[in-house]
Amino acid sequence: MTEKNSNKNSTESSSRPFPAFAIKARRASLRCVPLCACLFFCFPLVAPPLAFSPPALADVSPLPWEDFPDGKPFFSVEQKVVQKDESKQDESKRGGVGLESFLGSSLESLRTFSLSASLRSARRSLARTLWFWQQPIDTVSGSYLALGYAESEQAFPHASSIADKLAARLPTREVWERSFLAHVRAGEMEKALSVAERLQEQKDGHGFLARFLLASAALKKGKSERASELVGDLSGFGDFARYGAPTYRFWLAFAQGDARAEQAALQEIEHESLESFAHLLRLYAAFARAEASTTRQLLREADPLSSNLSLLWVQALHHARSGQERGKQTALALLDAARNRLQVQVLFLDELARRIEVGETEGLLPSARGDRRDEQAMFFLARSLADLAMRETNAAAKLLFARLATETDPSSSFARLVLSDALFDYRQDDAALAVAEQIPAQDLFYRQGLYLRAEILRRQDRLEEALALLKSLRELRATDPLAWWQAGSFLRVAEQSKEALPYFDKAVSLYLSRAERLSEEVRASAWRLYYERGIAFERAGRWDEAERDFRTSLQLSPEQPMVLNYLAYTWLDLEKDERYQEALSMLQRAVQLRDKSGAVVDSLGWAYYRLKAYDDALETLEQAIALAPEDTTINDHLGDVYWRVGRLLEARYQWSRVLAFETQDEKLRARVQKKLEVGLPLDIE
């Protein structure tokens, strides 16, 4: 007898045996658990049309499908570009449904529940169904599910509306907290403030965020002491509070003239490994107090090659406000060096240089008078919160910091720009566009806002409007390659490659005219400009020029997997036999750099196929299909290699999958259809 069996027997002998009928009853009860769970979730959905219909949620209309980019978790850094589901879009636009359709949807959700891998996915599936019913679900559980789905799909205004109604019927701490977060994310700050009053005593969750918002409101009213009380002890909260709270405390201590409290707040920030941010706060404070010697010392201690835009802003204004010609020239030289060192996307540097040159620096910072400390604290607190938002890689935290910044100082265009960018990251395009449009034409950040607005319009497929904005940007910045480059990029993405080429040509010409003055890092970053123009040349049928640009791109940055893949795959596609070995080595390197990309791995498999190394091709293409199972090109290639190794049934299966997927490539569909009819004879290759 083994040790395992002996342990098992000893356990059974020491326990009291159950009667046979008890064991049968227990098994029967366990079988009922899934059914009970299904009834628990479905009853609230079936009850409204059968039992009653007081429409407490009548004003919450179902949302069109395109408002919800599917599959993006609510509190995630990852941003996805998701295609619209047209069939579901059409379904969402139909009129009210009858009981039969309603129950059919319920049963479909019930089937999904029984097949779901987890309870969470089942609840999500049921919540999704709510959005396609024209009649509202007037139950607490139905509203709860709808709220969860609205949150997961970042439908912030709808989530806040549902949360308010749910809180009226289910006034729990969790519901109030979700209502508060929905209001903040939707920018409904007055409503958020009213809910924040309920949450300010909370010692966990998002109570700290409620206190931050109330502190900003108190500071705007000149009540810095009350604001200090609100952000006093937040040690029990998470990372967001650990560096957000001392930022608030620093500027509140500044407003009250408490140097000791300022230093304590800075030490807390440094303890969170944010030494550079603490240094920036010291610099802001010295600059605000007009302490020229301290500011000079802090600037000397800062990294002279820093890419921090706020640091550059302080450096330039510090030199410019000396009132001397030498200081102005120093500031202009600093900005000119920064333009050549940094990416060309830094559009506000030109406007800052222009204002310094003509002496228009008033309004770029609040007065340094001692009796306006609250105003200064509010200005620099908003600026600091926006700086924190720019540092954030977590999209949710970035949005919350940006909302706090705009609430603290609604006149801050820098905060508006950061907020618009945060909303853009969240695919809240309409809201992002509305915020960016609020930046005045005379503002320092207007040009940066123009560029962001054009990006938003492009993603909304409003190409003509985007190009019009870029035209106005080109008129403002005729010698900057960025505006020309982006116009070409917009046209290329819209499959207007021939029209894009003149814009790319102008961008390259402007880049070359200033290349000698650019830093090595910026020169290397121009690989993307040549890469994009190469794609436009290739799509326009001008391969020799495309190949030249791809090679130039690789000279600037040899380890770019996208360029290696595009150039090598095009050689394979054009059947340039003399390039096959070079293409193979390039693609092997590309896979080393990006081994999780189905497209890149597929290209390597196709190179093996072209070289008739079918075993290697099979192994590589099976890896590619595992990475991107719905890619039509990979399915087509895998079908070809299956055919070559004699696995004809599997080949036809892969080709059939190509036709099953939605694709607008009619040439591919026709080619695959012919393969299904006659196979893959040698004359097709």
# chains A, B, ... in the order shown; residues from 1 in each chain; ligands from 1
>>> residues_around(residues="region 312-324 of chain A", least_positions_apart="2", cutoff="9 Å", atoms="only C-alpha atoms", output="number ranges by chain")
A: 283-284, 287, 290, 292, 295-296, 299, 306-310, 326-332, 334-335, 338, 349, 352-353, 356-357, 359, 361, 364
>>> select_by_dssp(residues="region 290-467 of chain A", states="alpha helix (DSSP H)", output="PyMOL selection string")
chain A and resi 292-301+309-320+325-341+348-358+373-391+395-408+413-425+429-436+446-459+463-467
>>> write_last_selection(atoms="C-alpha atoms", output="short mmCIF file (atom, residue, chain, number, x, y, z; two decimals), in the first residue's frame")
data_model
loop_
_atom_site.label_atom_id
_atom_site.label_comp_id
_atom_site.auth_asym_id
_atom_site.auth_seq_id
_atom_site.Cartn_x
_atom_site.Cartn_y
_atom_site.Cartn_z
CA ALA A 292 16.63 84.63 -8.52
CA SER A 293 19.72 83.20 -6.78
CA THR A 294 17.89 80.06 -5.58
CA THR A 295 16.37 79.57 -9.02
CA ARG A 296 19.82 79.84 -10.65
CA GLN A 297 21.25 77.31 -8.22
CA LEU A 298 18.41 74.83 -8.83
CA LEU A 299 18.74 75.27 -12.60
CA ARG A 300 22.46 74.53 -12.38
CA GLU A 301 21.67 71.33 -10.49
CA LEU A 309 9.11 70.63 -20.98
CA SER A 310 8.15 72.23 -17.67
CA LEU A 311 11.82 72.56 -16.74
CA LEU A 312 12.53 74.22 -20.12
CA TRP A 313 9.59 76.57 -19.55
CA VAL A 314 11.02 77.70 -16.19
CA GLN A 315 14.56 78.01 -17.56
CA ALA A 316 13.52 80.18 -20.49
CA LEU A 317 11.22 82.46 -18.45
CA HIS A 318 13.83 82.82 -15.70
CA HIS A 319 16.37 84.20 -18.17
CA ALA A 320 13.81 86.26 -20.05
CA GLU A 325 19.02 91.73 -23.61
CA ARG A 326 21.60 89.18 -22.53
CA GLY A 327 18.98 87.24 -20.58
CA LYS A 328 16.62 87.26 -23.56
CA GLN A 329 19.32 85.96 -25.90
CA THR A 330 20.24 83.25 -23.41
CA ALA A 331 16.61 82.13 -23.27
CA LEU A 332 16.31 82.07 -27.08
CA ALA A 333 19.54 80.08 -27.42
CA LEU A 334 18.26 77.61 -24.81
CA LEU A 335 14.99 77.07 -26.70
CA ASP A 336 16.76 76.78 -30.05
CA ALA A 337 19.04 74.08 -28.63
CA ALA A 338 16.02 72.29 -27.15
CA ARG A 339 14.20 72.30 -30.51
CA ASN A 340 17.20 70.65 -32.13
CA ARG A 341 17.64 68.18 -29.27
CA PHE A 348 4.99 75.08 -28.02
CA LEU A 349 8.74 75.89 -27.96
CA ASP A 350 8.45 78.04 -31.09
CA GLU A 351 5.61 80.07 -29.62
CA LEU A 352 7.46 80.52 -26.33
CA ALA A 353 10.55 81.73 -28.23
CA ARG A 354 8.43 84.18 -30.25
CA ARG A 355 6.88 85.65 -27.13
CA ILE A 356 10.23 86.04 -25.41
CA GLU A 357 11.69 87.70 -28.49
CA VAL A 358 8.93 90.33 -28.66
CA ARG A 373 0.02 83.28 -2.52
CA ASP A 374 -3.28 81.38 -2.84
CA GLU A 375 -3.48 82.29 -6.51
CA GLN A 376 0.12 81.22 -7.09
CA ALA A 377 -0.41 77.98 -5.18
CA MET A 378 -3.49 77.19 -7.27
CA PHE A 379 -1.61 77.89 -10.53
CA PHE A 380 1.42 75.77 -9.65
CA LEU A 381 -0.62 72.98 -8.02
CA ALA A 382 -2.56 72.59 -11.27
CA ARG A 383 0.70 72.66 -13.19
CA SER A 384 2.22 70.02 -10.88
CA LEU A 385 -0.81 67.74 -11.15
CA ALA A 386 -0.62 68.00 -14.94
CA ASP A 387 3.09 67.15 -14.73
CA LEU A 388 2.20 64.05 -12.72
CA ALA A 389 -0.40 63.11 -15.34
CA MET A 390 2.23 63.38 -18.08
CA ARG A 391 4.50 61.03 -16.13
CA ALA A 395 -4.24 55.65 -18.37
CA ALA A 396 -6.75 55.71 -15.49
CA ALA A 397 -4.39 57.56 -13.13
CA LYS A 398 -3.40 59.95 -15.92
CA LEU A 399 -7.05 60.88 -16.51
CA LEU A 400 -7.74 61.41 -12.80
CA PHE A 401 -4.68 63.63 -12.31
CA ALA A 402 -5.63 65.64 -15.41
CA ARG A 403 -9.20 66.11 -14.14
CA LEU A 404 -7.86 67.32 -10.79
CA ALA A 405 -5.52 69.74 -12.57
CA THR A 406 -8.28 71.35 -14.64
CA GLU A 407 -10.56 71.54 -11.61
CA THR A 408 -7.83 73.21 -9.55
CA SER A 413 -4.31 75.55 -20.98
CA PHE A 414 -1.47 73.20 -20.10
CA ALA A 415 -3.86 71.21 -17.90
CA ARG A 416 -6.45 71.22 -20.69
CA LEU A 417 -3.93 69.89 -23.18
CA VAL A 418 -2.93 67.07 -20.83
CA LEU A 419 -6.60 66.29 -20.14
CA SER A 420 -7.39 66.16 -23.86
CA ASP A 421 -4.47 63.79 -24.38
CA ALA A 422 -5.65 61.59 -21.47
CA LEU A 423 -9.15 61.39 -22.94
CA PHE A 424 -7.65 60.58 -26.33
CA ASP A 425 -5.78 57.67 -24.73
CA ASP A 429 -12.65 61.29 -28.89
CA ASP A 430 -15.60 63.69 -28.70
CA ALA A 431 -14.70 64.74 -25.16
CA ALA A 432 -11.00 65.05 -26.05
CA LEU A 433 -11.82 67.23 -29.05
CA ALA A 434 -14.12 69.48 -27.00
CA VAL A 435 -11.38 70.05 -24.39
CA ALA A 436 -8.67 70.76 -26.99
CA TYR A 446 -2.57 76.42 -29.10
CA ARG A 447 -0.35 74.84 -31.77
CA GLN A 448 0.12 71.67 -29.75
CA GLY A 449 -3.66 71.60 -29.36
CA LEU A 450 -4.13 71.96 -33.13
CA TYR A 451 -1.97 68.92 -33.72
CA LEU A 452 -3.89 66.87 -31.14
CA ARG A 453 -7.22 67.94 -32.65
CA ALA A 454 -6.04 66.77 -36.06
CA GLU A 455 -5.08 63.38 -34.59
CA ILE A 456 -8.52 63.03 -33.02
CA LEU A 457 -10.30 63.96 -36.26
CA ARG A 458 -8.22 61.46 -38.19
CA ARG A 459 -9.24 58.67 -35.83
CA LEU A 463 -9.93 63.44 -42.86
CA GLU A 464 -10.85 66.70 -44.58
CA GLU A 465 -11.27 68.51 -41.27
CA ALA A 466 -7.98 67.06 -39.99
CA LEU A 467 -6.14 68.21 -43.13
#
>>> residues_around(residues="Ala546 (chain A)", least_positions_apart="3", cutoff="6 Å", atoms="only C-alpha atoms", output="PyMOL selection string")
chain A and resi 534+537-538+543+549
>>> residues_around(residues="region 612-617 of chain A", least_positions_apart="5", cutoff="10 Å", atoms="only C-alpha atoms", output="list in words")
Asp602, Ser603, Leu604, Gly605, Trp606, Ala607, Glu622, Gln623, His637, Leu638, Asp640, Val641, Tyr642, Arg644 and Val645 of chain A
